[in-house]
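Below is upload.cif, holding mmCIF, C-alpha atoms.
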```cif
data_start
loop_
_atom_site.label_atom_id
_atom_site.label_comp_id
_atom_site.auth_asym_id
_atom_site.auth_seq_id
_atom_site.Cartn_x
_atom_site.Cartn_y
_atom_site.Cartn_z
CA MET A 1 16.37 -15.19 25.23
CA GLY A 2 13.74 -12.72 26.16
CA GLU A 3 11.95 -15.03 28.53
CA GLN A 4 13.45 -13.89 31.79
CA ILE A 5 11.85 -12.62 34.93
CA LEU A 6 13.34 -9.42 36.26
CA ARG A 7 13.53 -9.36 40.04
CA VAL A 8 13.71 -5.85 41.44
CA LYS A 9 15.34 -4.98 44.72
CA PHE A 10 16.98 -1.75 45.85
CA LYS A 11 20.10 -0.78 47.73
CA PRO A 12 19.68 0.69 51.20
CA GLY A 13 19.07 4.39 51.17
CA THR A 14 17.44 4.47 47.75
CA THR A 15 14.87 7.23 47.86
CA MET A 16 11.23 6.66 46.96
CA SER A 17 11.62 9.00 44.02
CA GLU A 18 14.55 6.99 42.67
CA ARG A 19 12.65 3.75 43.21
CA PHE A 20 9.72 5.14 41.31
CA ASP A 21 11.89 6.20 38.38
CA VAL A 22 13.58 2.79 38.20
CA THR A 23 10.35 0.84 38.52
CA VAL A 24 8.40 2.75 35.90
CA GLY A 25 11.47 2.70 33.68
CA TYR A 26 11.54 -1.11 33.74
CA LEU A 27 7.81 -1.31 33.15
CA GLN A 28 7.98 0.98 30.15
CA GLN A 29 11.08 -0.72 28.72
CA LEU A 30 9.54 -4.17 29.01
CA ILE A 31 6.49 -2.98 27.08
CA GLU A 32 8.71 -1.45 24.41
CA ASP A 33 10.70 -4.68 24.18
CA GLY A 34 7.48 -6.66 23.80
CA ILE A 35 6.26 -4.39 21.02
CA ARG A 36 9.48 -5.08 19.10
CA ASP A 37 9.28 -8.84 19.62
CA GLN A 38 8.17 -10.72 16.51
CA TYR A 39 6.87 -13.62 18.63
CA VAL A 40 4.53 -11.22 20.42
CA ARG A 41 3.29 -9.79 17.13
CA GLN A 42 2.56 -13.26 15.78
CA LYS A 43 0.57 -14.04 18.90
CA ALA A 44 -1.38 -10.77 18.63
CA VAL A 45 -2.25 -11.48 15.00
CA GLU A 46 -3.32 -14.99 15.95
CA ILE A 47 -5.58 -13.66 18.72
CA VAL A 48 -7.39 -11.10 16.58
CA ASN A 49 -7.70 -13.47 13.63
CA ARG A 50 -9.11 -16.24 15.80
CA ALA A 51 -11.56 -13.77 17.32
CA GLY A 52 -12.82 -13.08 13.80
CA ILE A 53 -12.11 -9.36 13.93
CA LYS A 54 -12.50 -7.71 10.55
CA GLN A 55 -9.62 -5.70 9.17
CA HIS A 56 -9.66 -2.00 10.12
CA ASP A 57 -11.88 -2.72 13.13
CA GLU A 58 -9.60 -1.02 15.62
CA LEU A 59 -11.89 -1.20 18.61
CA GLY A 60 -12.59 -4.85 17.84
CA GLU A 61 -8.88 -5.63 17.88
CA ILE A 62 -8.40 -3.83 21.19
CA ARG A 63 -11.37 -5.65 22.70
CA ALA A 64 -10.11 -9.02 21.44
CA ILE A 65 -6.63 -8.54 22.93
CA VAL A 66 -7.95 -7.25 26.25
CA LYS A 67 -10.44 -10.10 26.54
CA TRP A 68 -7.79 -12.69 25.67
CA VAL A 69 -5.43 -11.38 28.33
CA GLN A 70 -8.21 -11.19 30.91
CA ASN A 71 -9.30 -14.75 30.20
CA ASN A 72 -5.99 -16.51 29.64
CA VAL A 73 -3.39 -14.95 31.90
CA THR A 74 -3.77 -16.07 35.48
CA TYR A 75 -3.39 -13.60 38.29
CA ARG A 76 -0.98 -14.69 41.01
CA LYS A 77 0.77 -12.38 43.42
CA ASP A 78 4.54 -11.92 43.34
CA PRO A 79 6.57 -13.50 46.15
CA TYR A 80 6.19 -11.78 49.47
CA MET A 81 8.16 -8.50 49.57
CA VAL A 82 9.60 -8.96 46.08
CA GLU A 83 8.62 -7.39 42.79
CA TYR A 84 8.86 -9.43 39.60
CA PHE A 85 8.60 -8.12 36.08
CA MET A 86 8.14 -10.63 33.28
CA THR A 87 8.79 -10.14 29.61
CA ALA A 88 5.78 -10.34 27.31
CA ARG A 89 7.26 -13.39 25.60
CA ARG A 90 7.72 -15.17 28.92
CA ILE A 91 4.09 -14.55 29.88
CA LEU A 92 2.82 -15.80 26.52
CA LYS A 93 4.96 -18.94 26.75
CA ASP A 94 3.71 -19.55 30.28
CA VAL A 95 0.12 -19.27 29.09
CA GLU A 96 0.83 -21.81 26.36
CA LYS A 97 2.30 -24.19 28.94
CA GLY A 98 -0.64 -23.69 31.29
CA ALA A 99 1.75 -22.28 33.89
CA SER A 100 0.71 -18.66 33.78
CA ALA A 101 1.24 -16.63 36.95
CA ALA A 102 1.35 -12.88 36.64
CA ASP A 103 0.44 -9.82 38.66
CA CYS A 104 -1.00 -6.53 37.50
CA ASP A 105 2.20 -5.11 36.00
CA ASP A 106 2.83 -8.32 34.05
CA PHE A 107 -0.74 -8.26 32.71
CA VAL A 108 -0.12 -4.74 31.46
CA ILE A 109 3.27 -5.65 29.96
CA VAL A 110 1.77 -8.44 27.87
CA ALA A 111 -1.41 -6.59 26.85
CA ALA A 112 0.37 -3.35 25.91
CA SER A 113 3.01 -5.34 24.02
CA LEU A 114 0.37 -7.25 22.07
CA LEU A 115 -1.50 -4.06 21.20
CA GLY A 116 1.63 -2.10 20.38
CA SER A 117 2.86 -4.90 18.13
CA ILE A 118 -0.20 -4.53 15.91
CA GLY A 119 -0.05 -0.79 15.68
CA TYR A 120 -1.71 0.81 18.68
CA PRO A 121 -0.20 3.38 21.03
CA ALA A 122 -0.16 1.55 24.33
CA GLY A 123 1.25 1.77 27.79
CA ALA A 124 0.59 1.46 31.47
CA ILE A 125 -1.20 3.79 33.83
CA ILE A 126 -0.28 3.60 37.46
CA VAL A 127 -3.33 4.34 39.57
CA ASP A 128 -4.38 4.66 43.19
CA SER A 129 -6.94 1.86 43.33
CA ASN A 130 -8.02 2.92 46.82
CA ALA A 131 -8.59 6.50 45.61
CA ASP A 132 -6.32 7.70 48.41
CA GLY A 133 -3.58 9.25 46.29
CA VAL A 134 -1.16 6.35 46.84
CA PHE A 135 -0.17 4.57 43.65
CA ASN A 136 -0.66 0.85 44.14
CA HIS A 137 -1.95 -0.67 40.92
CA VAL A 138 -1.32 -0.72 37.18
CA MET A 139 -3.84 -0.72 34.34
CA LEU A 140 -3.58 -0.74 30.57
CA CYS A 141 -4.11 2.33 28.43
CA THR A 142 -4.35 2.46 24.68
CA ARG A 143 -6.24 4.24 21.95
CA THR A 144 -7.44 3.74 18.43
CA MET A 145 -5.58 5.51 15.65
CA ALA A 146 -8.75 6.89 14.08
CA PRO A 147 -11.48 8.40 16.26
CA THR A 148 -14.31 6.03 17.10
CA LYS A 149 -17.99 6.66 17.65
CA GLN A 150 -17.82 5.37 21.22
CA TYR A 151 -14.64 6.98 22.51
CA GLY A 152 -13.57 9.55 19.92
CA SER A 153 -9.83 10.11 20.23
CA LYS A 154 -9.77 9.48 23.95
CA TRP A 155 -7.43 7.09 25.68
CA ILE A 156 -9.06 3.79 26.52
CA VAL A 157 -8.17 2.17 29.84
CA ALA A 158 -8.65 -1.46 30.83
CA GLU A 159 -8.55 -3.34 34.09
CA LEU A 160 -6.94 -6.61 33.11
CA ILE A 161 -6.80 -8.68 36.26
CA PHE A 162 -10.56 -9.17 36.51
CA PRO A 163 -12.09 -11.00 33.53
CA ASN A 164 -15.53 -9.46 34.01
CA PHE A 165 -14.36 -5.85 33.66
CA LYS A 166 -15.25 -4.11 30.41
CA LEU A 167 -13.20 -1.43 28.67
CA ASN A 168 -12.92 1.75 30.76
CA GLN A 169 -14.45 0.06 33.80
CA SER A 170 -12.31 0.38 36.90
CA VAL A 171 -12.47 0.67 40.61
CA LYS A 172 -12.59 4.26 41.80
CA VAL A 173 -9.29 6.05 41.28
CA SER A 174 -8.35 9.67 41.85
CA LYS A 175 -4.92 9.84 40.31
CA VAL A 176 -3.18 8.32 37.29
CA TYR A 177 0.40 8.33 36.05
CA PRO A 178 0.59 7.29 32.39
CA LEU A 179 3.63 5.57 30.86
CA ILE A 180 3.25 5.35 27.13
CA ALA A 181 5.70 3.09 25.32
CA ASP A 182 8.01 4.71 22.81
CA PRO A 183 8.05 2.51 19.70
CA ASN A 184 10.97 4.45 18.22
CA THR A 185 13.40 3.42 20.92
CA THR A 186 16.74 2.11 19.67
CA ARG A 187 18.15 0.96 23.00
CA LEU A 188 19.06 -2.64 23.73
CA PRO A 189 16.25 -4.92 24.95
CA ILE A 190 16.22 -5.10 28.71
CA HIS A 191 17.28 -8.77 28.79
CA ARG A 192 20.53 -7.81 27.06
CA GLN A 193 21.35 -4.99 29.42
CA GLN A 194 23.71 -5.31 32.34
CA ILE A 195 21.56 -4.62 35.35
CA ALA A 196 23.34 -4.29 38.66
CA GLY A 197 21.49 -3.97 41.94
CA GLY A 198 21.76 -4.23 45.67
CA MET A 199 20.30 -7.10 47.58
CA ASN A 200 18.44 -5.16 50.19
CA SER A 201 14.84 -6.02 50.77
CA LEU A 202 12.37 -3.39 49.74
CA GLY A 203 10.59 -3.55 53.04
CA SER A 204 13.50 -2.71 55.30
CA VAL A 205 11.61 0.18 56.88
CA PRO A 206 8.44 -1.07 58.53
CA SER A 207 5.34 0.90 57.72
CA ALA A 208 3.34 2.54 60.45
CA LYS A 209 0.21 1.95 58.42
CA SER A 210 -0.09 -1.77 58.88
CA GLY A 211 0.58 -4.06 61.76
CA THR A 212 2.89 -6.35 59.82
CA GLY A 213 4.87 -3.56 58.26
CA TYR A 214 3.94 -4.93 54.89
CA GLN A 215 2.89 -2.73 52.04
CA HIS A 216 2.33 -3.78 48.48
CA PRO A 217 5.58 -3.29 46.53
CA TYR A 218 3.95 -0.61 44.39
CA SER A 219 2.88 1.31 47.42
CA ARG A 220 6.38 1.21 48.83
CA MET A 221 8.04 2.18 45.61
CA LEU A 222 5.58 4.74 44.44
CA ASN A 223 4.29 6.50 47.49
CA GLY A 224 7.17 8.91 47.26
CA LEU A 225 5.70 10.32 44.09
CA GLY A 226 3.49 12.70 46.00
CA ARG A 227 6.61 14.48 47.18
CA ARG A 228 8.04 14.86 43.68
CA MET B 1 -2.68 -46.13 51.14
CA VAL B 2 -5.29 -48.82 50.65
CA TRP B 3 -8.82 -48.00 49.67
CA MET B 4 -11.49 -49.39 51.99
CA GLY B 5 -12.48 -52.87 50.87
CA GLY B 6 -9.42 -53.26 48.67
CA THR B 7 -6.25 -55.22 49.16
CA GLU B 8 -3.93 -53.64 46.64
CA GLU B 9 -1.76 -50.68 47.42
CA ASP B 10 -2.71 -47.58 45.50
CA ASP B 11 0.46 -46.34 43.83
CA ARG B 12 -0.78 -43.01 42.63
CA ASP B 13 -0.18 -41.16 45.90
CA ASN B 14 3.32 -42.47 46.58
CA GLY B 15 2.58 -42.68 50.28
CA PHE B 16 1.00 -39.25 50.61
CA ILE B 17 -2.63 -38.40 50.99
CA PRO B 18 -3.88 -37.82 47.46
CA VAL B 19 -5.13 -34.36 46.61
CA ILE B 20 -7.76 -34.70 43.97
CA ASP B 21 -8.88 -31.35 42.73
CA VAL B 22 -12.41 -32.04 41.65
CA ALA B 23 -12.66 -28.61 40.05
CA LEU B 24 -9.81 -29.45 37.70
CA GLU B 25 -11.65 -32.47 36.42
CA ARG B 26 -14.76 -30.55 35.55
CA GLU B 27 -15.36 -28.66 32.39
CA ALA B 28 -14.30 -25.02 32.61
CA SER B 29 -17.90 -23.88 32.44
CA GLU B 30 -18.83 -25.98 35.45
CA ARG B 31 -16.03 -24.83 37.72
CA ALA B 32 -16.92 -23.33 41.02
CA THR B 33 -16.79 -19.56 41.20
CA GLN B 34 -14.01 -17.98 43.21
CA LEU B 35 -14.67 -17.25 46.81
CA GLY B 36 -13.46 -14.64 49.23
CA ASN B 37 -12.24 -11.26 48.11
CA THR B 38 -11.42 -12.50 44.65
CA ASP B 39 -15.11 -12.79 43.95
CA MET B 40 -15.65 -9.35 42.53
CA MET B 41 -19.42 -9.28 42.81
CA SER B 42 -19.40 -6.64 45.54
CA MET B 43 -16.76 -4.37 44.05
CA ASN B 44 -17.88 -0.85 43.22
CA THR B 45 -16.76 0.19 39.78
CA ASP B 46 -17.01 3.31 37.67
CA GLU B 47 -15.14 5.00 34.83
CA SER B 48 -12.98 7.21 37.00
CA ALA B 49 -9.69 5.90 35.56
CA PHE B 50 -10.92 6.68 32.05
CA ASN B 51 -12.10 10.12 33.09
CA VAL B 52 -8.96 11.04 35.02
CA MET B 53 -6.76 9.71 32.23
CA ASN B 54 -8.53 11.83 29.61
CA ASP B 55 -8.70 14.92 31.75
CA ALA B 56 -7.20 17.77 29.72
CA LYS B 57 -4.92 18.81 32.57
CA ASN B 58 -3.60 15.27 33.00
CA LEU B 59 -2.95 14.90 29.27
CA GLN B 60 -1.15 18.24 29.24
CA THR B 61 0.97 17.31 32.27
CA HIS B 62 2.16 14.07 30.71
CA GLY B 63 2.60 15.40 27.18
CA LEU B 64 -0.19 13.33 25.68
CA ALA B 65 -2.44 16.13 24.50
CA GLY B 66 -0.93 16.55 21.06
CA MET B 67 -0.70 12.95 19.91
CA PRO B 68 -1.61 12.70 16.22
CA ASN B 69 -4.69 10.96 14.91
CA LEU B 70 -5.34 9.48 11.55
CA PRO B 71 -7.66 11.98 9.87
CA SER B 72 -11.29 11.18 10.29
CA PRO B 73 -12.90 10.71 6.87
CA ARG B 74 -16.04 12.59 7.81
CA ARG B 75 -14.27 15.68 9.06
CA ASN B 76 -12.73 16.52 5.69
CA LEU B 77 -14.56 18.44 3.02
CA LEU B 78 -14.65 15.53 0.63
CA GLY B 79 -14.29 12.66 3.04
CA ARG B 80 -11.89 9.97 1.99
CA ILE B 81 -10.55 10.20 -1.54
CA ALA B 82 -12.25 6.89 -2.23
CA ASN B 83 -15.62 8.21 -1.16
CA ASN B 84 -17.09 8.36 -4.65
CA ARG B 85 -20.57 9.50 -3.73
CA GLU B 86 -19.40 12.67 -2.02
CA THR B 87 -16.83 13.36 -4.71
CA ALA B 88 -19.47 13.01 -7.41
CA MET B 89 -21.80 15.26 -5.47
CA MET B 90 -19.19 18.00 -5.16
CA LEU B 91 -18.33 17.72 -8.85
CA GLY B 92 -22.03 17.96 -9.69
CA VAL B 93 -22.46 21.05 -7.54
CA GLY B 94 -19.40 22.59 -9.20
CA ALA B 95 -20.72 21.83 -12.68
CA LEU B 96 -24.13 23.31 -11.86
CA LEU B 97 -22.48 26.40 -10.43
CA GLY B 98 -20.36 26.76 -13.57
CA VAL B 99 -23.35 26.40 -15.91
CA GLY B 100 -25.29 28.90 -13.82
CA ILE B 101 -22.51 31.47 -13.93
CA LYS B 102 -22.15 31.01 -17.69
CA ALA B 103 -25.90 31.43 -18.18
CA LEU B 104 -25.85 34.60 -16.06
CA TRP B 105 -22.89 35.92 -18.00
CA ASP B 106 -24.59 35.22 -21.33
CA PHE B 107 -27.82 36.82 -20.11
CA LYS B 108 -26.01 40.02 -19.12
CA THR B 109 -23.63 40.34 -22.06
CA LYS B 110 -25.51 39.01 -25.11
#
```
Spit out the file's structure as structure tokens when you get a sec.
Amino acid sequence: MGEQILRVKFKPGTTMSERFDVTVGYLQQLIEDGIRDQYVRQKAVEIVNRAGIKQHDELGEIRAIVKWVQNNVTYRKDPYMVEYFMTARRILKDVEKGASAADCDDFVIVAASLLGSIGYPAGAIIVDSNADGVFNHVMLCTRTMAPTKQYGSKWIVAELIFPNFKLNQSVKVSKVYPLIADPNTTRLPIHRQQIAGGMNSLGSVPSAKSGTGYQHPYSRMLNGLGRR
Amino acid sequence: MVWMGGTEEDDRDNGFIPVIDVALEREASERATQLGNTDMMSMNTDESAFNVMNDAKNLQTHGLAGMPNLPSPRRNLLGRIANNRETAMMLGVGALLGVGIKALWDFKTK
């Protein structure tokens, strides 16, 4: 249990706004589920302990988790025209098996789950990585509980899919949409919910922007946000 | 497949051309760097995501402005309760102030 991959498709006629709500809802719920998963917490503790982080070193723990995710989870794109969401436990098990394959949202799910499980507010921020106002990418956001010399009480963001990126380093973005996980949720984990869905491809309406009609799933699902 | 100069069939490829990934056999530190657009050497980076995220208007919009912090030890009058040096200093200042007031009172009244 808890190791599934959620495959997201929408019925015909689903508006961009509805797609956005559903997509970010799944992303946030998967992070919240990961935070509540004891397996994830054990892994987080193992990572920070192995990194030799001293107790109460909040920034050290955040850096250790981010670096571990950057270095151990392998970036692979989702299947063409399909969006996958993986549970944090599934990603961690895949890493252990040497079969890790995750895209940006999965990176954020596992990193935010690991951080949340050891006591940090964490979530995803959806960004426009081309700085054109179209949401097409997901990054991690978190913060320390006590203010730090470097960042005060500010939210810390992390680009996870490139191992050489440091904390707060990103490509140029102009817009962010934060989704902070709610640790107090009492709903059922997503893998125990009954999820019904249509079988229509997301890309049923070709885009005028590209010759193939292909847009990244995030672009398709989220570009309606500007009209909200 | 038979290797040149050999007579025995090589069973490891099962009839297919073997794909030997040399990079996999090397140590991780010796692996070739990624090529193409996954080589991020030319990517322009900044801290715009951090700045936009922490923009007061953005925090207000998404209800993140009022999230509680643990109190910072240095911002309180006495610091943490376990901060003995500052506690002792404040007690000392209080004692001196008390002795001074008593001396002043005695000087005026006796």
**OP:** Name the residues that the PyMOL selection byres ((chain B and resi 50) around 8) pulls out of this structure, and write them as a count of residues only.
**Re:** 12
Subject >> Evaluate the PyMOL selection byres ((chain A and resi 119) around 12) and report residues as a ChimeraX atom specification >> reply: /A:35-36,41,44-45,56,58,61-62,112-118,120-122,142-146,181,183
Identify every residue of chain A that has at least one atom within 9 Å of any atom of chain B, counting only C-alpha atoms, and report the result as a PDB file with C-alpha atoms, keeping the file's coordinate frame.
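Final output, result-v2.pdb:
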```pdb
ATOM      1  CA  ILE A 125      -1.200   3.790  33.830  1.00  0.00           C
ATOM      2  CA  VAL A 127      -3.330   4.340  39.570  1.00  0.00           C
ATOM      3  CA  MET A 139      -3.840  -0.720  34.340  1.00  0.00           C
ATOM      4  CA  CYS A 141      -4.110   2.330  28.430  1.00  0.00           C
ATOM      5  CA  THR A 144      -7.440   3.740  18.430  1.00  0.00           C
ATOM      6  CA  MET A 145      -5.580   5.510  15.650  1.00  0.00           C
ATOM      7  CA  ALA A 146      -8.750   6.890  14.080  1.00  0.00           C
ATOM      8  CA  PRO A 147     -11.480   8.400  16.260  1.00  0.00           C
ATOM      9  CA  SER A 153      -9.830  10.110  20.230  1.00  0.00           C
ATOM     10  CA  LYS A 154      -9.770   9.480  23.950  1.00  0.00           C
ATOM     11  CA  TRP A 155      -7.430   7.090  25.680  1.00  0.00           C
ATOM     12  CA  ILE A 156      -9.060   3.790  26.520  1.00  0.00           C
ATOM     13  CA  VAL A 157      -8.170   2.170  29.840  1.00  0.00           C
ATOM     14  CA  ALA A 158      -8.650  -1.460  30.830  1.00  0.00           C
ATOM     15  CA  PHE A 162     -10.560  -9.170  36.510  1.00  0.00           C
ATOM     16  CA  ASN A 164     -15.530  -9.460  34.010  1.00  0.00           C
ATOM     17  CA  PHE A 165     -14.360  -5.850  33.660  1.00  0.00           C
ATOM     18  CA  ASN A 168     -12.920   1.750  30.760  1.00  0.00           C
ATOM     19  CA  GLN A 169     -14.450   0.060  33.800  1.00  0.00           C
ATOM     20  CA  SER A 170     -12.310   0.380  36.900  1.00  0.00           C
ATOM     21  CA  VAL A 171     -12.470   0.670  40.610  1.00  0.00           C
ATOM     22  CA  LYS A 172     -12.590   4.260  41.800  1.00  0.00           C
ATOM     23  CA  VAL A 173      -9.290   6.050  41.280  1.00  0.00           C
ATOM     24  CA  SER A 174      -8.350   9.670  41.850  1.00  0.00           C
ATOM     25  CA  LYS A 175      -4.920   9.840  40.310  1.00  0.00           C
ATOM     26  CA  VAL A 176      -3.180   8.320  37.290  1.00  0.00           C
ATOM     27  CA  TYR A 177       0.400   8.330  36.050  1.00  0.00           C
ATOM     28  CA  PRO A 178       0.590   7.290  32.390  1.00  0.00           C
ATOM     29  CA  LEU A 179       3.630   5.570  30.860  1.00  0.00           C
ATOM     30  CA  ILE A 180       3.250   5.350  27.130  1.00  0.00           C
TER      31      ILE A 180
END
```
Original post:
Can you list, as a list in words, every protein, DNA or RNA residue that comes within 9 Å of Ala88 (chain A) when you count all atoms listed in the file, leaving out same-chain residues fewer than 4 positions away?
Top reply: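 Counting only the stated atoms, we get Gly2, Glu3, Leu30, Ile31, Asp33, Gly34, Ile35, Asp37, Val40, Leu92, Lys93, Asp106, Phe107, Ile109, Val110, Ala111, Ala112, Ser113 and Leu114 of chain A.
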**OP:** Please measure the separation of CA of Ile65 (chain A) and CA of Arg90 (chain A), giving the value in Å to one decimal.
**Re:**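 Interatomic distance, CA of Ile65 (chain A) to CA of Arg90 (chain A): 16.9 Å.
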Original post:
What is the distance, in Å and to one decimal place, between CA of Thr186 (chain A) and CA of Tyr26 (chain A)?
Top reply: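 A separation of 15.3 Å between them.
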**OP:** Considering all atoms listed in the file, return as an MDAnalysis selection string whatever protein or nucleic-acid residues lie within 7 Å of Phe85 (chain A), sequence-local ones (same chain, fewer than 2 positions apart) excluded.
**Re:** chainID A and resid 5:7 83 87 106
